[in-house]
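> Input file: final10.pdb. Contents: PDB, C-alpha atoms.
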MODEL        1
ATOM      1  CA  MET A   1      -3.748  59.960  93.985
ATOM      2  CA  SER A   2      -6.858  60.241  96.196
ATOM      3  CA  PHE A   3      -6.664  61.963  99.568
ATOM      4  CA  THR A   4      -6.956  59.694 102.610
ATOM      5  CA  THR A   5      -9.053  61.253 105.373
ATOM      6  CA  PRO A   6      -7.157  61.300 108.696
ATOM      7  CA  ASP A   7      -8.080  59.516 111.900
ATOM      8  CA  PRO A   8      -8.110  62.230 114.605
ATOM      9  CA  THR A   9      -7.607  59.739 117.455
ATOM     10  CA  GLY A  10      -4.632  60.716 119.568
ATOM     11  CA  ARG A  11      -3.451  63.390 117.136
ATOM     12  CA  PRO A  12      -3.101  67.117 117.791
ATOM     13  CA  VAL A  13      -4.722  70.109 116.122
ATOM     14  CA  ALA A  14      -2.488  72.962 114.972
ATOM     15  CA  VAL A  15      -3.594  76.597 114.822
ATOM     16  CA  VAL A  16      -1.481  78.989 112.747
ATOM     17  CA  GLY A  17      -1.936  82.458 114.214
ATOM     18  CA  ALA A  18      -2.036  83.353 117.917
ATOM     19  CA  GLY A  19      -4.250  86.438 117.625
ATOM     20  CA  THR A  20      -7.654  87.081 119.140
ATOM     21  CA  LEU A  21      -9.437  84.356 117.230
ATOM     22  CA  GLY A  22      -6.556  81.913 116.814
ATOM     23  CA  ARG A  23      -6.211  81.517 120.566
ATOM     24  CA  ARG A  24      -9.972  81.050 120.934
ATOM     25  CA  ILE A  25      -9.984  78.325 118.275
ATOM     26  CA  ALA A  26      -7.148  76.600 120.115
ATOM     27  CA  LEU A  27      -9.103  76.864 123.359
ATOM     28  CA  MET A  28     -12.073  74.994 121.916
ATOM     29  CA  PHE A  29     -10.017  72.145 120.499
ATOM     30  CA  ALA A  30      -8.376  71.680 123.905
ATOM     31  CA  THR A  31     -11.682  71.249 125.732
ATOM     32  CA  ASP A  32     -12.159  67.509 125.272
ATOM     33  CA  GLY A  33      -8.765  66.243 126.345
ATOM     34  CA  GLY A  34      -7.196  67.259 123.057
ATOM     35  CA  GLU A  35      -3.670  68.363 122.285
ATOM     36  CA  VAL A  36      -3.348  71.691 120.486
ATOM     37  CA  ARG A  37      -0.339  73.606 119.211
ATOM     38  CA  ILE A  38      -0.367  77.304 118.347
ATOM     39  CA  TYR A  39       2.198  78.729 115.932
ATOM     40  CA  ASP A  40       3.038  82.398 115.547
ATOM     41  CA  PRO A  41       6.316  84.171 114.760
ATOM     42  CA  SER A  42       5.567  86.740 117.479
ATOM     43  CA  ALA A  43       6.763  85.730 120.950
ATOM     44  CA  GLU A  44       4.488  88.373 122.436
ATOM     45  CA  GLN A  45       1.428  86.953 120.722
ATOM     46  CA  LEU A  46       2.344  83.426 121.739
ATOM     47  CA  ALA A  47       2.722  84.447 125.377
ATOM     48  CA  ALA A  48      -0.640  86.217 125.332
ATOM     49  CA  ALA A  49      -2.307  83.225 123.657
ATOM     50  CA  GLY A  50      -0.851  80.783 126.173
ATOM     51  CA  ALA A  51      -1.988  82.928 129.086
ATOM     52  CA  TYR A  52      -5.487  83.304 127.639
ATOM     53  CA  VAL A  53      -5.951  79.559 127.145
ATOM     54  CA  ALA A  54      -4.549  78.713 130.589
ATOM     55  CA  GLU A  55      -7.011  81.110 132.213
ATOM     56  CA  GLN A  56     -10.086  80.082 130.219
ATOM     57  CA  LEU A  57      -9.638  76.362 129.615
ATOM     58  CA  PRO A  58     -10.744  74.841 132.955
ATOM     59  CA  ALA A  59     -14.123  76.587 132.968
ATOM     60  CA  VAL A  60     -14.794  76.132 129.249
ATOM     61  CA  ALA A  61     -13.774  72.467 129.262
ATOM     62  CA  ALA A  62     -16.086  71.804 132.207
ATOM     63  CA  GLY A  63     -19.029  72.520 129.927
ATOM     64  CA  VAL A  64     -17.849  70.420 126.996
ATOM     65  CA  GLY A  65     -17.860  66.622 126.788
ATOM     66  CA  ALA A  66     -16.308  64.309 129.326
ATOM     67  CA  GLY A  67     -12.669  64.431 128.322
ATOM     68  CA  GLY A  68     -11.633  67.295 130.568
ATOM     69  CA  PRO A  69      -9.055  69.952 129.712
ATOM     70  CA  GLY A  70      -6.414  69.047 127.181
ATOM     71  CA  THR A  71      -3.049  70.674 126.569
ATOM     72  CA  VAL A  72      -2.015  73.694 124.518
ATOM     73  CA  ALA A  73       1.582  74.351 123.516
ATOM     74  CA  VAL A  74       2.840  77.489 121.792
ATOM     75  CA  THR A  75       5.765  77.571 119.405
ATOM     76  CA  GLY A  76       7.536  79.797 116.919
ATOM     77  CA  ASP A  77       8.582  76.734 114.887
ATOM     78  CA  LEU A  78       6.036  75.959 112.177
ATOM     79  CA  ALA A  79       7.271  72.427 111.473
ATOM     80  CA  GLU A  80       7.081  71.601 115.179
ATOM     81  CA  ALA A  81       3.527  72.924 115.383
ATOM     82  CA  LEU A  82       2.350  70.878 112.393
ATOM     83  CA  ARG A  83       4.072  67.584 113.171
ATOM     84  CA  GLY A  84       1.465  64.822 113.505
ATOM     85  CA  ALA A  85      -1.545  67.185 113.356
ATOM     86  CA  TRP A  86      -4.715  65.789 111.788
ATOM     87  CA  LEU A  87      -6.160  69.289 111.314
ATOM     88  CA  VAL A  88      -4.374  72.588 110.662
ATOM     89  CA  ILE A  89      -6.320  75.865 110.831
ATOM     90  CA  GLU A  90      -4.862  79.120 109.561
ATOM     91  CA  ALA A  91      -6.005  82.226 111.397
ATOM     92  CA  VAL A  92      -3.671  84.806 109.862
ATOM     93  CA  PRO A  93      -4.499  88.357 108.743
ATOM     94  CA  GLU A  94      -6.963  88.603 105.882
ATOM     95  CA  ARG A  95      -4.544  89.344 103.067
ATOM     96  CA  PRO A  96      -4.768  86.943 100.124
ATOM     97  CA  GLU A  97      -1.077  87.086  99.239
ATOM     98  CA  LEU A  98      -0.187  86.194 102.837
ATOM     99  CA  LYS A  99      -2.655  83.325 102.912
ATOM    100  CA  GLN A 100      -1.264  81.976  99.646
ATOM    101  CA  ARG A 101       2.219  81.869 101.155
ATOM    102  CA  VAL A 102       0.941  80.309 104.344
ATOM    103  CA  PHE A 103      -0.924  77.539 102.539
ATOM    104  CA  ALA A 104       2.128  76.758 100.438
ATOM    105  CA  ASP A 105       4.090  76.361 103.681
ATOM    106  CA  LEU A 106       1.353  74.294 105.309
ATOM    107  CA  ASP A 107       1.191  72.001 102.306
ATOM    108  CA  ARG A 108       4.955  71.505 102.487
ATOM    109  CA  HIS A 109       5.254  70.891 106.250
ATOM    110  CA  ALA A 110       1.960  69.266 107.320
ATOM    111  CA  ASP A 111       1.458  65.506 107.383
ATOM    112  CA  PRO A 112       0.225  64.151 104.021
ATOM    113  CA  ASP A 113      -3.203  63.286 105.456
ATOM    114  CA  ALA A 114      -3.703  66.510 107.427
ATOM    115  CA  ILE A 115      -6.784  68.574 106.638
ATOM    116  CA  LEU A 116      -5.849  72.178 105.860
ATOM    117  CA  GLY A 117      -8.530  74.624 106.972
ATOM    118  CA  SER A 118      -8.840  78.377 106.523
ATOM    119  CA  ASN A 119     -10.626  80.521 109.084
ATOM    120  CA  SER A 120     -11.153  83.245 106.488
ATOM    121  CA  SER A 121     -14.669  84.571 106.111
ATOM    122  CA  SER A 122     -13.871  86.676 103.061
ATOM    123  CA  TYR A 123     -11.708  84.490 100.850
ATOM    124  CA  PRO A 124     -12.982  81.050  99.878
ATOM    125  CA  THR A 125     -10.320  78.373  99.775
ATOM    126  CA  SER A 126     -10.896  78.046  96.023
ATOM    127  CA  HIS A 127      -8.523  81.059  95.889
ATOM    128  CA  PHE A 128      -5.716  78.954  97.336
ATOM    129  CA  VAL A 129      -6.103  75.543  95.687
ATOM    130  CA  ASP A 130      -3.155  76.157  93.378
ATOM    131  CA  ARG A 131      -0.889  76.316  96.445
ATOM    132  CA  VAL A 132      -1.893  72.850  97.673
ATOM    133  CA  ARG A 133      -0.844  69.671  95.908
ATOM    134  CA  GLU A 134      -3.940  67.784  97.077
ATOM    135  CA  PRO A 135      -6.796  70.309  97.073
ATOM    136  CA  GLU A 136      -9.131  67.575  98.315
ATOM    137  CA  ARG A 137      -7.824  68.335 101.815
ATOM    138  CA  LEU A 138      -8.351  72.105 101.644
ATOM    139  CA  VAL A 139     -11.500  73.527 103.267
ATOM    140  CA  ASN A 140     -12.941  76.669 104.835
ATOM    141  CA  ILE A 141     -13.615  76.207 108.543
ATOM    142  CA  HIS A 142     -14.722  79.583 109.836
ATOM    143  CA  PHE A 143     -15.228  80.295 113.533
ATOM    144  CA  TYR A 144     -17.075  83.249 115.027
ATOM    145  CA  MET A 145     -16.100  84.206 118.606
ATOM    146  CA  PRO A 146     -15.848  81.131 120.785
ATOM    147  CA  PRO A 147     -16.372  80.227 123.546
ATOM    148  CA  THR A 148     -19.581  82.309 123.469
ATOM    149  CA  GLN A 149     -20.390  82.345 119.737
ATOM    150  CA  ASN A 150     -19.799  78.729 118.829
ATOM    151  CA  ALA A 151     -21.207  78.335 115.333
ATOM    152  CA  VAL A 152     -18.716  77.240 112.654
ATOM    153  CA  ASP A 153     -19.120  77.507 108.882
ATOM    154  CA  VAL A 154     -17.701  74.588 106.887
ATOM    155  CA  MET A 155     -17.419  75.176 103.142
ATOM    156  CA  SER A 156     -15.822  73.243 100.303
ATOM    157  CA  SER A 157     -13.134  74.754  98.102
ATOM    158  CA  GLY A 158     -15.000  73.213  95.188
ATOM    159  CA  ARG A 159     -12.551  70.328  95.245
ATOM    160  CA  THR A 160     -12.727  69.354  98.914
ATOM    161  CA  SER A 161     -13.288  65.653  99.558
ATOM    162  CA  ARG A 162     -16.808  64.923 100.748
ATOM    163  CA  ALA A 163     -15.230  62.717 103.405
ATOM    164  CA  VAL A 164     -13.369  65.746 104.798
ATOM    165  CA  ILE A 165     -16.597  67.730 105.130
ATOM    166  CA  ASP A 166     -18.364  64.806 106.786
ATOM    167  CA  LEU A 167     -15.485  64.233 109.214
ATOM    168  CA  LEU A 168     -15.525  67.861 110.333
ATOM    169  CA  LEU A 169     -19.304  67.907 110.720
ATOM    170  CA  ALA A 170     -19.035  64.848 112.962
ATOM    171  CA  GLU A 171     -15.896  65.827 114.902
ATOM    172  CA  LEU A 172     -16.408  69.513 115.686
ATOM    173  CA  PRO A 173     -19.343  69.060 118.134
ATOM    174  CA  ARG A 174     -17.019  67.036 120.379
ATOM    175  CA  HIS A 175     -15.209  70.292 121.042
ATOM    176  CA  GLY A 176     -18.230  72.397 121.950
ATOM    177  CA  VAL A 177     -18.772  74.052 118.581
ATOM    178  CA  PHE A 178     -21.642  73.689 116.144
ATOM    179  CA  PRO A 179     -20.832  73.242 112.439
ATOM    180  CA  PHE A 180     -23.099  74.386 109.616
ATOM    181  CA  GLU A 181     -22.287  73.512 106.027
ATOM    182  CA  ALA A 182     -22.361  76.272 103.430
ATOM    183  CA  ARG A 183     -23.704  74.253 100.525
ATOM    184  CA  ARG A 184     -22.433  76.631  97.840
ATOM    185  CA  GLU A 185     -19.400  78.896  97.737
ATOM    186  CA  SER A 186     -20.360  82.131  99.452
ATOM    187  CA  THR A 187     -18.229  85.108 100.487
ATOM    188  CA  GLY A 188     -19.175  85.630 104.113
ATOM    189  CA  PHE A 189     -20.689  82.137 104.379
ATOM    190  CA  ILE A 190     -24.080  82.076 106.144
ATOM    191  CA  PHE A 191     -24.401  84.269 109.231
ATOM    192  CA  ASN A 192     -21.786  86.844 108.239
ATOM    193  CA  ARG A 193     -23.674  87.689 105.057
ATOM    194  CA  ILE A 194     -26.761  88.432 107.127
ATOM    195  CA  TRP A 195     -24.761  90.339 109.732
ATOM    196  CA  ALA A 196     -22.959  92.349 107.021
ATOM    197  CA  ALA A 197     -26.263  93.807 105.874
ATOM    198  CA  ILE A 198     -27.179  94.832 109.445
ATOM    199  CA  LYS A 199     -23.730  96.289 110.062
ATOM    200  CA  ARG A 200     -23.624  98.173 106.744
ATOM    201  CA  GLU A 201     -27.056  99.727 107.228
ATOM    202  CA  SER A 202     -26.174 100.715 110.801
ATOM    203  CA  LEU A 203     -23.092 102.514 109.491
ATOM    204  CA  ALA A 204     -25.194 104.185 106.795
ATOM    205  CA  VAL A 205     -27.670 105.485 109.380
ATOM    206  CA  VAL A 206     -24.821 107.137 111.290
ATOM    207  CA  ALA A 207     -22.981 108.334 108.165
ATOM    208  CA  GLU A 208     -26.161 110.059 106.973
ATOM    209  CA  GLY A 209     -26.692 111.749 110.339
ATOM    210  CA  VAL A 210     -29.954 109.965 111.058
ATOM    211  CA  ALA A 211     -28.780 108.746 114.486
ATOM    212  CA  THR A 212     -25.627 108.338 116.552
ATOM    213  CA  ALA A 213     -23.825 105.050 117.130
ATOM    214  CA  GLU A 214     -24.940 105.091 120.777
ATOM    215  CA  GLU A 215     -28.565 105.581 119.771
ATOM    216  CA  VAL A 216     -28.456 102.750 117.234
ATOM    217  CA  ASP A 217     -26.998 100.381 119.835
ATOM    218  CA  ALA A 218     -29.528 101.446 122.463
ATOM    219  CA  MET A 219     -32.425 100.872 120.091
ATOM    220  CA  TRP A 220     -30.936  97.523 119.061
ATOM    221  CA  SER A 221     -30.897  96.431 122.713
ATOM    222  CA  VAL A 222     -34.457  97.605 123.356
ATOM    223  CA  ASN A 223     -35.898  95.890 120.294
ATOM    224  CA  THR A 224     -33.880  92.659 120.331
ATOM    225  CA  GLY A 225     -33.223  92.152 124.029
ATOM    226  CA  LEU A 226     -29.558  91.538 123.173
ATOM    227  CA  ARG A 227     -26.612  93.213 124.855
ATOM    228  CA  GLY A 228     -24.277  95.467 122.959
ATOM    229  CA  GLY A 229     -25.290  96.304 119.437
ATOM    230  CA  PRO A 230     -23.720  96.703 115.984
ATOM    231  CA  PHE A 231     -21.285  99.449 116.984
ATOM    232  CA  ARG A 232     -20.151  97.755 120.191
ATOM    233  CA  ALA A 233     -19.565  94.619 118.145
ATOM    234  CA  MET A 234     -17.561  96.479 115.500
ATOM    235  CA  ASP A 235     -15.403  98.101 118.182
ATOM    236  CA  GLN A 236     -14.704  94.672 119.634
ATOM    237  CA  VAL A 237     -13.631  93.260 116.269
ATOM    238  CA  GLY A 238     -11.548  96.326 115.331
ATOM    239  CA  LEU A 239     -12.657  99.054 112.932
ATOM    240  CA  ASP A 240      -9.658  98.498 110.665
ATOM    241  CA  VAL A 241     -10.755  94.882 110.407
ATOM    242  CA  VAL A 242     -14.356  95.872 109.694
ATOM    243  CA  LEU A 243     -13.177  98.314 107.028
ATOM    244  CA  ASP A 244     -11.173  95.578 105.318
ATOM    245  CA  ILE A 245     -14.252  93.362 105.308
ATOM    246  CA  GLU A 246     -16.384  96.088 103.772
ATOM    247  CA  GLN A 247     -13.797  96.886 101.136
ATOM    248  CA  HIS A 248     -13.676  93.247 100.114
ATOM    249  CA  TYR A 249     -17.461  93.002  99.898
ATOM    250  CA  ALA A 250     -17.521  96.188  97.807
ATOM    251  CA  ALA A 251     -14.907  94.797  95.425
ATOM    252  CA  GLU A 252     -17.034  91.695  94.889
ATOM    253  CA  ARG A 253     -20.384  93.482  94.791
ATOM    254  CA  PRO A 254     -20.201  96.762  92.847
ATOM    255  CA  GLY A 255     -22.921  99.197  93.788
ATOM    256  CA  LEU A 256     -22.699  98.933  97.578
ATOM    257  CA  PRO A 257     -23.001 102.406  99.158
ATOM    258  CA  ASP A 258     -19.791 104.319  99.903
ATOM    259  CA  GLY A 259     -21.014 105.966 103.111
ATOM    260  CA  PRO A 260     -20.296 103.072 105.506
ATOM    261  CA  ARG A 261     -16.730 102.660 104.233
ATOM    262  CA  THR A 262     -16.105 106.416 104.294
ATOM    263  CA  LEU A 263     -17.237 106.601 107.924
ATOM    264  CA  LEU A 264     -15.045 103.656 108.911
ATOM    265  CA  ALA A 265     -12.063 105.152 107.081
ATOM    266  CA  GLU A 266     -12.450 108.391 109.049
ATOM    267  CA  TYR A 267     -12.347 106.520 112.348
ATOM    268  CA  VAL A 268      -9.435 104.310 111.309
ATOM    269  CA  GLY A 269      -7.506 107.296 109.963
ATOM    270  CA  SER A 270      -7.803 109.039 113.320
ATOM    271  CA  GLY A 271      -6.560 105.969 115.198
ATOM    272  CA  ARG A 272      -9.984 105.056 116.563
ATOM    273  CA  LEU A 273      -9.682 101.319 115.955
ATOM    274  CA  GLY A 274     -12.006 100.109 118.698
ATOM    275  CA  VAL A 275     -11.332  98.267 121.944
ATOM    276  CA  LYS A 276      -7.725  97.386 121.086
ATOM    277  CA  ALA A 277      -6.875 101.096 120.680
ATOM    278  CA  GLY A 278      -8.911 102.242 123.681
ATOM    279  CA  ARG A 279     -11.292 104.187 121.458
ATOM    280  CA  GLY A 280     -13.522 103.570 118.495
ATOM    281  CA  PHE A 281     -17.186 104.453 118.353
ATOM    282  CA  TYR A 282     -16.850 104.330 122.171
ATOM    283  CA  GLU A 283     -14.095 105.101 124.670
ATOM    284  CA  TYR A 284     -12.603 102.194 126.650
ATOM    285  CA  GLU A 285     -10.639 101.905 129.866
ATOM    286  CA  ALA A 286      -7.495  99.778 130.019
ATOM    287  CA  GLY A 287      -8.429  96.105 130.212
ATOM    288  CA  ASP A 288     -11.963  96.697 128.913
ATOM    289  CA  THR A 289     -12.956  93.938 126.476
ATOM    290  CA  GLY A 290     -15.800  95.930 124.995
ATOM    291  CA  GLY A 291     -18.530  93.715 126.395
ATOM    292  CA  ALA A 292     -20.390  91.000 124.547
ATOM    293  CA  GLY A 293     -20.785  91.727 120.877
ATOM    294  CA  ASP A 294     -23.697  90.301 118.964
ATOM    295  CA  GLY A 295     -21.888  88.972 115.965
ATOM    296  CA  ASP A 296     -19.520  89.967 113.159
ATOM    297  CA  GLY A 297     -17.660  86.710 113.164
ATOM    298  CA  ALA A 298     -15.464  88.607 115.517
ATOM    299  CA  GLY A 299     -11.906  88.136 114.433
ATOM    300  CA  ASP A 300     -12.779  87.441 110.799
ATOM    301  CA  ARG A 301      -9.871  89.641 109.822
ATOM    302  CA  ASP A 302      -7.695  88.861 112.802
ATOM    303  CA  ARG A 303      -4.783  91.231 112.302
ATOM    304  CA  GLU A 304      -3.143  89.834 115.419
ATOM    305  CA  GLY A 305      -2.541  86.511 113.741
ATOM    306  CA  ALA A 306       0.674  85.113 112.386
ATOM    307  CA  ALA A 307       2.833  86.787 109.801
ATOM    308  CA  ALA A 308       4.061  84.832 106.814
ATOM    309  CA  ALA A 309       5.440  81.482 107.812
TER     310      ALA A 309
ENDMDL
END
Re-express the file's structure as structure tokens.


Amino acid sequence: MSFTTPDPTGRPVAVVGAGTLGRRIALMFATDGGEVRIYDPSAEQLAAAGAYVAEQLPAVAAGVGAGGPGTVAVTGDLAEALRGAWLVIEAVPERPELKQRVFADLDRHADPDAILGSNSSSYPTSHFVDRVREPERLVNIHFYMPPTQNAVDVMSSGRTSRAVIDLLLAELPRHGVFPFEARRESTGFIFNRIWAAIKRESLAVVAEGVATAEEVDAMWSVNTGLRGGPFRAMDQVGLDVVLDIEQHYAAERPGLPDGPRTLLAEYVGSGRLGVKAGRGFYEYEAGDTGGAGDGDGAGDRDREGAAAA
């Protein structure tokens, strides 16, 4: 049986996971008159996601296309969220066993022609093909931090239909995001691999006592003209998240230095998780978002996403 690529016309998009990045993904798909549904088992997360989209959507939609704001519904019922969706994007915590369970559930409940996308930056969807009866519909579709960082990596599972890739490359710009195809399987895709090297070396500089986090960020701003810096960006993502990313890279690439992970572990162990904890490499006041980070695929390891479906 060959997979039939869906027609997106008049059909919703479903996002599984209402955390920091899940709600931002939903926001972008609602910009051009689209219907979006967000699933999460946490009522608190759903409420926060709904409030975020309601606040941001009018202004973001005004800068995207001509369709105007769409609608976003939140639900704790997975089957309800998936019903009729042409595209389903998982944005759950970056734990492979959890993602395997989620994709098995998505395969069971989603429409037969729905594309199943993973927002993971660390686990290629080739790791999950055995949980999907038609792997031709399974694809990585990795967002950074919309609505300000609007690049999207699109990468085949190795068995993804070429028609699925082409449909996403054509459809995503309608929603104010810019897709780039990773032409070979790559942990971290395109930009995140480059950013990982910057982030890791920044951590090494601090771990070795060469400079402080504040000094690295200040020099970054002077030399690049960009706001924030590597440590501000890591605080925004969450240091526990960044540590998970580094541990995964180290498992795949033996020989990476231990210093960056040791430093992160010290901060995480002391509860300094970044903006969400009120302290990381910096201290934050209540309601402080940490400012504009300069990358990290913020939310790559979105721990605020859905639990197992």

> Find the residues around Gly280 (chain A) up to 10 Å (all atoms listed in the file counted), leave out those fewer than 2 positions away in its own chain, and share them as a PyMOL selection string.

chain A and resi 231-232+234-236+238-239+264+267-268+270-278+282-284

> Output the residue selection produced by the PyMOL selection byres ((chain A and resi 49-63) around 6) on the file above, formatted as a compact mmCIF listing (two decimals) with C-alpha atoms, in the frame of the given file.


# COMPACT_ATOMS: atom_id res chain seq x y z
CA ALA A 18 -2.04 83.35 117.92
CA ARG A 23 -6.21 81.52 120.57
CA LEU A 27 -9.10 76.86 123.36
CA THR A 31 -11.68 71.25 125.73
CA LEU A 46 2.34 83.43 121.74
CA ALA A 47 2.72 84.45 125.38
CA ALA A 48 -0.64 86.22 125.33
CA VAL A 64 -17.85 70.42 127.00
CA GLY A 68 -11.63 67.30 130.57
CA PRO A 69 -9.06 69.95 129.71

> For a test of reading the model, state the distance in Å between CA of Ala197 (chain A) and CA of Leu172 (chain A), rounded to one decimal.

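One can read the CA of Ala197 (chain A) to CA of Leu172 (chain A) distance as 28.0 Å.
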
> Please write out, as AutoDock Vina command-line options, where the centre of an axis-aligned box around all listed atoms of region 94-100 of chain A lies and how long its edges are, in Å to one decimal, after adding 8 Å on each side.


--center_x -3.6 --center_y 85.7 --center_z 102.6 --size_x 22.8 --size_y 23.4 --size_z 22.6

> May I have the protein, DNA and RNA residues with an atom at most 12 Å from (-8.1, 70.9, 118.9), counting only C-alpha atoms in the file's coordinates, returned as a ChimeraX atom specification?

/A:8-15,22-38,61,69-73,85-89,168,171-177

> Give me a file of those residues, with C-alpha atoms, as a JSON list (two decimals), keeping the file's coordinate frame.


[["chain", "number", "residue", "atom", "x", "y", "z"],
["A", 8, "PRO", "CA", -8.11, 62.23, 114.60],
["A", 9, "THR", "CA", -7.61, 59.74, 117.46],
["A", 10, "GLY", "CA", -4.63, 60.72, 119.57],
["A", 11, "ARG", "CA", -3.45, 63.39, 117.14],
["A", 12, "PRO", "CA", -3.10, 67.12, 117.79],
["A", 13, "VAL", "CA", -4.72, 70.11, 116.12],
["A", 14, "ALA", "CA", -2.49, 72.96, 114.97],
["A", 15, "VAL", "CA", -3.59, 76.60, 114.82],
["A", 22, "GLY", "CA", -6.56, 81.91, 116.81],
["A", 23, "ARG", "CA", -6.21, 81.52, 120.57],
["A", 24, "ARG", "CA", -9.97, 81.05, 120.93],
["A", 25, "ILE", "CA", -9.98, 78.32, 118.28],
["A", 26, "ALA", "CA", -7.15, 76.60, 120.12],
["A", 27, "LEU", "CA", -9.10, 76.86, 123.36],
["A", 28, "MET", "CA", -12.07, 74.99, 121.92],
["A", 29, "PHE", "CA", -10.02, 72.14, 120.50],
["A", 30, "ALA", "CA", -8.38, 71.68, 123.90],
["A", 31, "THR", "CA", -11.68, 71.25, 125.73],
["A", 32, "ASP", "CA", -12.16, 67.51, 125.27],
["A", 33, "GLY", "CA", -8.76, 66.24, 126.34],
["A", 34, "GLY", "CA", -7.20, 67.26, 123.06],
["A", 35, "GLU", "CA", -3.67, 68.36, 122.28],
["A", 36, "VAL", "CA", -3.35, 71.69, 120.49],
["A", 37, "ARG", "CA", -0.34, 73.61, 119.21],
["A", 38, "ILE", "CA", -0.37, 77.30, 118.35],
["A", 61, "ALA", "CA", -13.77, 72.47, 129.26],
["A", 69, "PRO", "CA", -9.06, 69.95, 129.71],
["A", 70, "GLY", "CA", -6.41, 69.05, 127.18],
["A", 71, "THR", "CA", -3.05, 70.67, 126.57],
["A", 72, "VAL", "CA", -2.02, 73.69, 124.52],
["A", 73, "ALA", "CA", 1.58, 74.35, 123.52],
["A", 85, "ALA", "CA", -1.54, 67.18, 113.36],
["A", 86, "TRP", "CA", -4.72, 65.79, 111.79],
["A", 87, "LEU", "CA", -6.16, 69.29, 111.31],
["A", 88, "VAL", "CA", -4.37, 72.59, 110.66],
["A", 89, "ILE", "CA", -6.32, 75.86, 110.83],
["A", 168, "LEU", "CA", -15.52, 67.86, 110.33],
["A", 171, "GLU", "CA", -15.90, 65.83, 114.90],
["A", 172, "LEU", "CA", -16.41, 69.51, 115.69],
["A", 173, "PRO", "CA", -19.34, 69.06, 118.13],
["A", 174, "ARG", "CA", -17.02, 67.04, 120.38],
["A", 175, "HIS", "CA", -15.21, 70.29, 121.04],
["A", 176, "GLY", "CA", -18.23, 72.40, 121.95],
["A", 177, "VAL", "CA", -18.77, 74.05, 118.58]]

> Which residues are near region 151-167 of chain A? Cut-off 10 Å, all atoms listed in the file, ignore same chain within fewer than 5 positions. Put them as an mmCIF file with C-alpha atoms, in the coordinates of the input.


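Written file, part-v6.cif:
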data_model
loop_
_atom_site.group_PDB
_atom_site.id
_atom_site.type_symbol
_atom_site.label_atom_id
_atom_site.label_comp_id
_atom_site.auth_asym_id
_atom_site.auth_seq_id
_atom_site.Cartn_x
_atom_site.Cartn_y
_atom_site.Cartn_z
ATOM 1 C CA SER A 2 -6.858 60.241 96.196
ATOM 2 C CA PHE A 3 -6.664 61.963 99.568
ATOM 3 C CA THR A 4 -6.956 59.694 102.610
ATOM 4 C CA THR A 5 -9.053 61.253 105.373
ATOM 5 C CA PRO A 6 -7.157 61.300 108.696
ATOM 6 C CA ASP A 7 -8.080 59.516 111.900
ATOM 7 C CA PRO A 8 -8.110 62.230 114.605
ATOM 8 C CA ILE A 115 -6.784 68.574 106.638
ATOM 9 C CA LEU A 116 -5.849 72.178 105.860
ATOM 10 C CA GLY A 117 -8.530 74.624 106.972
ATOM 11 C CA SER A 118 -8.840 78.377 106.523
ATOM 12 C CA ASN A 119 -10.626 80.521 109.084
ATOM 13 C CA SER A 121 -14.669 84.571 106.111
ATOM 14 C CA PRO A 124 -12.982 81.050 99.878
ATOM 15 C CA THR A 125 -10.320 78.373 99.775
ATOM 16 C CA SER A 126 -10.896 78.046 96.023
ATOM 17 C CA HIS A 127 -8.523 81.059 95.889
ATOM 18 C CA PHE A 128 -5.716 78.954 97.336
ATOM 19 C CA VAL A 129 -6.103 75.543 95.687
ATOM 20 C CA GLU A 134 -3.940 67.784 97.077
ATOM 21 C CA PRO A 135 -6.796 70.309 97.073
ATOM 22 C CA GLU A 136 -9.131 67.575 98.315
ATOM 23 C CA ARG A 137 -7.824 68.335 101.815
ATOM 24 C CA LEU A 138 -8.351 72.105 101.644
ATOM 25 C CA VAL A 139 -11.500 73.527 103.267
ATOM 26 C CA ASN A 140 -12.941 76.669 104.835
ATOM 27 C CA ILE A 141 -13.615 76.207 108.543
ATOM 28 C CA HIS A 142 -14.722 79.583 109.836
ATOM 29 C CA PHE A 143 -15.228 80.295 113.533
ATOM 30 C CA TYR A 144 -17.075 83.249 115.027
ATOM 31 C CA MET A 145 -16.100 84.206 118.606
ATOM 32 C CA PRO A 146 -15.848 81.131 120.785
ATOM 33 C CA LEU A 172 -16.408 69.513 115.686
ATOM 34 C CA PRO A 173 -19.343 69.060 118.134
ATOM 35 C CA GLY A 176 -18.230 72.397 121.950
ATOM 36 C CA VAL A 177 -18.772 74.052 118.581
ATOM 37 C CA PHE A 178 -21.642 73.689 116.144
ATOM 38 C CA PRO A 179 -20.832 73.242 112.439
ATOM 39 C CA PHE A 180 -23.099 74.386 109.616
ATOM 40 C CA GLU A 181 -22.287 73.512 106.027
ATOM 41 C CA ALA A 182 -22.361 76.272 103.430
ATOM 42 C CA ARG A 183 -23.704 74.253 100.525
ATOM 43 C CA ARG A 184 -22.433 76.631 97.840
ATOM 44 C CA GLU A 185 -19.400 78.896 97.737
ATOM 45 C CA SER A 186 -20.360 82.131 99.452
ATOM 46 C CA GLY A 188 -19.175 85.630 104.113
ATOM 47 C CA PHE A 189 -20.689 82.137 104.379
ATOM 48 C CA ILE A 190 -24.080 82.076 106.144
ATOM 49 C CA PHE A 191 -24.401 84.269 109.231
ATOM 50 C CA ASN A 192 -21.786 86.844 108.239
ATOM 51 C CA GLY A 297 -17.660 86.710 113.164
#

> Step by step: start from the point (-1.9, 82.5, 103.6) in the file's coordinates, keep every protein, DNA or RNA residue that has an atom no farther than 10 Å from it, count only C-alpha atoms, and write the set as a list of chain:residue names.

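Counting only C-alpha atoms, I find these residues within 10 Å of (-1.9, 82.5, 103.6): A:Val16, A:Glu90, A:Ala91, A:Val92, A:Pro93, A:Glu94, A:Arg95, A:Pro96, A:Glu97, A:Leu98, A:Lys99, A:Gln100, A:Arg101, A:Val102, A:Phe103, A:Ala104, A:Asp105, A:Leu106, A:Ser118, A:Ser120, A:Phe128, A:Arg131, A:Ala306, A:Ala307, A:Ala308, A:Ala309.
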